[in-house]
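input34.cif follows; it contains mmCIF, C-alpha atoms and all ligand atoms.
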data_entry
#
loop_
_atom_site.group_PDB
_atom_site.id
_atom_site.type_symbol
_atom_site.label_atom_id
_atom_site.label_comp_id
_atom_site.auth_asym_id
_atom_site.auth_seq_id
_atom_site.Cartn_x
_atom_site.Cartn_y
_atom_site.Cartn_z
ATOM 1 C CA MET A 1 3.842 95.936 140.816
ATOM 2 C CA ALA A 2 0.602 97.546 139.869
ATOM 3 C CA LEU A 3 -1.157 100.877 140.049
ATOM 4 C CA LEU A 4 -4.205 100.729 142.286
ATOM 5 C CA PRO A 5 -7.346 102.776 141.609
ATOM 6 C CA ILE A 6 -7.717 105.599 144.162
ATOM 7 C CA ILE A 7 -11.158 106.203 145.663
ATOM 8 C CA HIS A 8 -12.309 109.812 145.404
ATOM 9 C CA ALA A 9 -14.472 111.567 147.993
ATOM 10 C CA PRO A 10 -17.268 111.607 148.824
ATOM 11 C CA ASP A 11 -17.375 107.831 149.277
ATOM 12 C CA ALA A 12 -18.602 105.788 152.245
ATOM 13 C CA ARG A 13 -15.473 103.588 151.972
ATOM 14 C CA LEU A 14 -13.357 106.555 153.074
ATOM 15 C CA LYS A 15 -15.321 106.840 156.330
ATOM 16 C CA ILE A 16 -14.697 103.314 157.648
ATOM 17 C CA LYS A 17 -12.549 102.615 160.712
ATOM 18 C CA CYS A 18 -9.857 100.183 159.534
ATOM 19 C CA SER A 19 -8.840 97.058 161.406
ATOM 20 C CA ASP A 20 -5.367 96.043 162.531
ATOM 21 C CA VAL A 21 -3.140 93.930 160.319
ATOM 22 C CA GLU A 22 -2.711 90.578 162.036
ATOM 23 C CA SER A 23 0.050 89.005 160.029
ATOM 24 C CA VAL A 24 2.779 90.637 158.007
ATOM 25 C CA ASP A 25 3.458 88.510 154.947
ATOM 26 C CA GLN A 26 4.646 88.727 151.344
ATOM 27 C CA HIS A 27 1.138 89.536 150.149
ATOM 28 C CA LEU A 28 1.121 92.610 152.406
ATOM 29 C CA ARG A 29 4.651 93.616 151.307
ATOM 30 C CA ASP A 30 3.568 93.438 147.649
ATOM 31 C CA PHE A 31 0.472 95.481 148.480
ATOM 32 C CA MET A 32 2.583 98.197 150.174
ATOM 33 C CA ASP A 33 4.884 98.326 147.116
ATOM 34 C CA ASP A 34 1.806 98.812 144.938
ATOM 35 C CA MET A 35 0.604 101.558 147.299
ATOM 36 C CA LEU A 36 3.949 103.361 147.000
ATOM 37 C CA GLU A 37 3.976 103.031 143.219
ATOM 38 C CA THR A 38 0.414 104.378 143.114
ATOM 39 C CA MET A 39 1.361 107.284 145.401
ATOM 40 C CA TYR A 40 4.451 108.242 143.347
ATOM 41 C CA ALA A 41 2.498 108.011 140.089
ATOM 42 C CA ALA A 42 -0.364 110.206 141.365
ATOM 43 C CA PRO A 43 1.863 112.081 142.432
ATOM 44 C CA GLY A 44 1.408 112.389 146.164
ATOM 45 C CA VAL A 45 3.379 112.308 149.423
ATOM 46 C CA GLY A 46 1.154 109.876 151.329
ATOM 47 C CA LEU A 47 -1.440 107.173 150.799
ATOM 48 C CA SER A 48 -3.510 105.006 153.126
ATOM 49 C CA ALA A 49 -4.931 101.549 152.430
ATOM 50 C CA PRO A 50 -8.614 102.629 152.657
ATOM 51 C CA GLN A 51 -8.009 105.054 149.769
ATOM 52 C CA VAL A 52 -7.408 102.003 147.570
ATOM 53 C CA GLY A 53 -10.307 100.060 149.063
ATOM 54 C CA VAL A 54 -8.472 97.997 151.702
ATOM 55 C CA THR A 55 -9.750 98.652 155.232
ATOM 56 C CA ARG A 56 -6.537 97.657 157.019
ATOM 57 C CA ARG A 57 -4.207 99.839 159.069
ATOM 58 C CA VAL A 58 -1.468 100.421 156.500
ATOM 59 C CA ILE A 59 0.008 103.707 155.254
ATOM 60 C CA VAL A 60 2.890 104.766 153.042
ATOM 61 C CA CYS A 61 4.558 108.137 152.632
ATOM 62 C CA ASP A 62 7.571 109.911 151.207
ATOM 63 C CA VAL A 63 8.065 113.604 151.875
ATOM 64 C CA SER A 64 11.471 113.906 150.181
ATOM 65 C CA ARG A 65 11.848 116.743 147.692
ATOM 66 C CA GLU A 66 12.440 116.108 143.993
ATOM 67 C CA ASP A 67 16.144 116.912 144.309
ATOM 68 C CA GLU A 68 16.613 114.443 147.188
ATOM 69 C CA ASP A 69 16.880 110.673 147.286
ATOM 70 C CA PRO A 70 13.497 109.017 147.880
ATOM 71 C CA ARG A 71 12.684 108.157 151.500
ATOM 72 C CA PRO A 72 9.766 105.742 151.276
ATOM 73 C CA LEU A 73 8.115 104.764 154.556
ATOM 74 C CA LYS A 74 5.743 101.832 155.003
ATOM 75 C CA LEU A 75 3.891 101.709 158.301
ATOM 76 C CA ILE A 76 1.674 98.912 159.563
ATOM 77 C CA ASN A 77 -0.692 99.463 162.518
ATOM 78 C CA PRO A 78 0.736 102.960 163.167
ATOM 79 C CA GLU A 79 -0.170 104.561 166.487
ATOM 80 C CA VAL A 80 0.530 108.049 167.819
ATOM 81 C CA ILE A 81 2.030 107.585 171.274
ATOM 82 C CA GLU A 82 3.054 111.198 171.893
ATOM 83 C CA ALA A 83 2.016 114.482 170.326
ATOM 84 C CA SER A 84 3.439 117.937 171.018
ATOM 85 C CA GLU A 85 1.291 120.721 172.389
ATOM 86 C CA GLU A 86 2.904 122.981 169.842
ATOM 87 C CA LEU A 87 0.789 123.085 166.693
ATOM 88 C CA ILE A 88 1.685 123.915 163.116
ATOM 89 C CA VAL A 89 -0.514 124.934 160.238
ATOM 90 C CA ALA A 90 0.200 123.296 156.896
ATOM 91 C CA GLU A 91 -1.544 123.307 153.569
ATOM 92 C CA GLU A 92 -2.801 119.779 153.006
ATOM 93 C CA GLY A 93 -4.037 117.968 149.964
ATOM 94 C CA CYS A 94 -5.267 114.408 149.570
ATOM 95 C CA LEU A 95 -5.228 111.976 146.667
ATOM 96 C CA SER A 96 -8.931 111.351 147.370
ATOM 97 C CA PHE A 97 -9.581 115.096 146.818
ATOM 98 C CA PRO A 98 -7.629 115.917 143.662
ATOM 99 C CA GLU A 99 -6.875 119.621 143.266
ATOM 100 C CA HIS A 100 -8.256 120.635 146.655
ATOM 101 C CA PHE A 101 -6.018 122.084 149.342
ATOM 102 C CA ALA A 102 -6.700 123.596 152.736
ATOM 103 C CA GLU A 103 -4.837 124.672 155.835
ATOM 104 C CA VAL A 104 -5.030 122.256 158.761
ATOM 105 C CA LYS A 105 -3.582 122.728 162.250
ATOM 106 C CA ARG A 106 -1.924 119.703 163.874
ATOM 107 C CA PRO A 107 0.754 118.898 166.463
ATOM 108 C CA ASN A 108 4.208 119.815 165.123
ATOM 109 C CA HIS A 109 5.840 116.745 166.588
ATOM 110 C CA VAL A 110 4.582 113.193 167.013
ATOM 111 C CA LEU A 111 6.121 109.965 168.185
ATOM 112 C CA LEU A 112 4.699 106.909 166.416
ATOM 113 C CA ARG A 113 4.865 103.211 167.038
ATOM 114 C CA TYR A 114 4.341 100.829 164.098
ATOM 115 C CA LEU A 115 5.342 97.553 162.515
ATOM 116 C CA ASP A 116 7.697 97.654 159.556
ATOM 117 C CA GLU A 117 7.278 95.467 156.475
ATOM 118 C CA PHE A 118 8.960 92.563 158.265
ATOM 119 C CA GLY A 119 6.705 92.781 161.300
ATOM 120 C CA GLU A 120 9.370 94.421 163.504
ATOM 121 C CA GLN A 121 8.164 96.903 166.123
ATOM 122 C CA LYS A 122 9.584 100.358 165.281
ATOM 123 C CA GLN A 123 9.238 103.964 166.392
ATOM 124 C CA ILE A 124 9.511 107.152 164.415
ATOM 125 C CA ASP A 125 9.939 110.708 165.639
ATOM 126 C CA ALA A 126 8.418 113.085 163.143
ATOM 127 C CA ASN A 127 8.389 116.860 162.806
ATOM 128 C CA GLY A 128 7.028 119.361 160.318
ATOM 129 C CA LEU A 129 5.959 118.034 156.936
ATOM 130 C CA LEU A 130 6.585 114.374 157.821
ATOM 131 C CA SER A 131 4.558 114.756 161.015
ATOM 132 C CA THR A 132 1.670 116.397 159.141
ATOM 133 C CA CYS A 133 1.737 113.728 156.440
ATOM 134 C CA LEU A 134 1.778 110.800 158.886
ATOM 135 C CA GLN A 135 -1.031 112.275 160.993
ATOM 136 C CA HIS A 136 -3.111 112.865 157.857
ATOM 137 C CA GLU A 137 -2.625 109.239 156.736
ATOM 138 C CA ILE A 138 -3.313 107.790 160.199
ATOM 139 C CA ASP A 139 -6.544 109.816 160.260
ATOM 140 C CA HIS A 140 -7.620 107.954 157.112
ATOM 141 C CA LEU A 141 -7.456 104.694 159.095
ATOM 142 C CA GLU A 142 -10.106 106.151 161.433
ATOM 143 C CA GLY A 143 -12.265 107.358 158.559
ATOM 144 C CA ILE A 144 -11.210 110.954 159.251
ATOM 145 C CA LEU A 145 -10.504 113.196 156.260
ATOM 146 C CA PHE A 146 -8.634 116.516 156.223
ATOM 147 C CA VAL A 147 -11.835 118.320 155.274
ATOM 148 C CA ASP A 148 -13.298 117.190 158.613
ATOM 149 C CA TYR A 149 -11.040 119.813 160.263
ATOM 150 C CA LEU A 150 -12.451 122.655 158.179
ATOM 151 C CA SER A 151 -15.471 124.797 158.919
ATOM 152 C CA PRO A 152 -18.730 123.216 157.687
ATOM 153 C CA LEU A 153 -18.917 125.953 155.074
ATOM 154 C CA LYS A 154 -15.472 125.243 153.602
ATOM 155 C CA ARG A 155 -16.013 121.496 153.833
ATOM 156 C CA ASN A 156 -19.319 121.674 151.986
ATOM 157 C CA ILE A 157 -17.858 123.777 149.202
ATOM 158 C CA ILE A 158 -15.159 121.158 148.599
ATOM 159 C CA LEU A 159 -17.554 118.204 148.883
ATOM 160 C CA ARG A 160 -20.027 119.828 146.510
ATOM 161 C CA LYS A 161 -17.276 120.344 143.925
ATOM 162 C CA MET A 162 -16.144 116.742 144.364
ATOM 163 C CA LYS A 163 -19.706 115.473 143.836
ATOM 164 C CA LYS A 164 -20.047 117.550 140.700
ATOM 165 C CA LEU A 165 -16.762 116.180 139.364
ATOM 166 C CA LYS A 166 -17.969 112.610 139.948
ATOM 167 C CA LYS A 167 -21.230 113.261 138.081
ATOM 168 C CA GLN A 168 -19.260 114.689 135.155
ATOM 169 C CA LYS A 169 -17.045 111.592 135.116
ATOM 170 C CA VAL A 170 -20.044 109.241 135.109
ATOM 171 C CA ALA A 171 -21.635 111.249 132.302
ATOM 172 C CA ALA A 172 -18.470 111.315 130.205
HETATM 173 NI NI NI A 201 -5.453 111.845 152.255
#
How does the structure come out when it is put into structure tokens?
Amino acid sequence: MALLPIIHAPDARLKIKCSDVESVDQHLRDFMDDMLETMYAAPGVGLSAPQVGVTRRVIVCDVSREDEDPRPLKLINPEVIEASEELIVAEEGCLSFPEHFAEVKRPNHVLLRYLDEFGEQKQIDANGLLSTCLQHEIDHLEGILFVDYLSPLKRNIILRKMKKLKKQKVAA
């Protein structure tokens, strides 16, 4: 297992549409374990492959609370097949935007189809926090970031701060 470096915005690699995984093998399973380890260490509740520089349709998440048993999920080629009309607003963050949070409105309920780590076709019914998290991560696979849902003004404020942070890091 290994911690993977997380790409911070703004970065062109976060805006790429990812391609489907064609074969589910041990290499991919090891990669998803590394993604989970990276996510837990950050700490975060979700991570997508493009955030660690791999433009494949793979996401991991775990929305369990600290006092609960972990519930890691690993999804390959996830697809939203149903979304509720009912929307919820949740405060979202992103490991590619450390310390930035903003409210985003999304469907409260989604039904997803995906492949599990053994290549089996599965479905998941998600509500609330899990639904928000999975939709956020699936967006990453399309090159869509949570700031893309904000007003241009709010988005630019966050992106400007992120750029400044990067310059400071390079200078340091
Ligand atoms: Ni994110």
**Report entry** Residues near Ala9 of chain A, cut-off 7 Å, all atoms listed in the file, skip fewer than 5 positions along chain, as a PyMOL selection string
**Finding:** chain A and resi 96-97+162
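For the choices A:Lys74, A:Lys164, A:His27, A:Lys17, the atom-to-atom distance to Ile124 of chain A is smallest for A:Lys74 when using only C-alpha atoms.
Closest to Leu115 of chain A among A:Pro78, A:Gly93, A:Gly143, A:Pro70 is A:Pro78, based on all atoms listed in the file.
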Requested in this report: Dump the neighbourhood of ligand NI 201 (chain A) as a PyMOL selection string: all residues within 7 Å, distances computed on all atoms listed in the file.
Outcome: chain A and resi 46-47+93-96+136-137+140+145-146
Requested in this report: Would you kindly return, as a count of residues only, each protein, DNA or RNA residue with an atom no farther than 12 Å from any atom of Ile59 of chain A, considering all atoms listed in the file and excluding same-chain residues fewer than 4 positions away?
Outcome: 43
Query raised in the report: So how far away is atom CA of Ser23 of chain A from atom CA of Glu120 of chain A, in Å?
Result: 11.3 Å
Query raised in the report: Taking the file as shown, what set of residues would the PyMOL selection byres (((chain A and resi 150) around 12) and not hetatm) give back, as a list in words?
Result: Glu91, Glu92, Phe101, Ala102, Glu103, Val104, Lys105, Ile144, Leu145, Phe146, Val147, Asp148, Tyr149, Ser151, Pro152, Leu153, Lys154, Arg155, Asn156, Ile157, Ile158 and Leu159 of chain A
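Here atom CA of Leu14 of chain A and atom CA of Ser84 of chain A stand 27.1 Å from one another.
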**Report entry** Selection: 9 Å around Glu37 of chain A, all atoms listed in the file, excl. self and same-chain fewer than 4 positions, as a PyMOL selection string
**Finding:** chain A and resi 1-4+32-33+41-42
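In this comparison, which uses all atoms listed in the file, the residue of A:Ile88, A:Gly44, A:Gln121, A:Thr132 approaching Glu66 of chain A most closely is A:Gly44.
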Requested in this report: Pull out every residue that the PyMOL selection byres (((chain A and resi 126) around 12) and not hetatm) matches in the shown coordinates and put them as a ChimeraX atom specification.
Outcome: /A:63,73,80-84,107-113,123-125,127-135
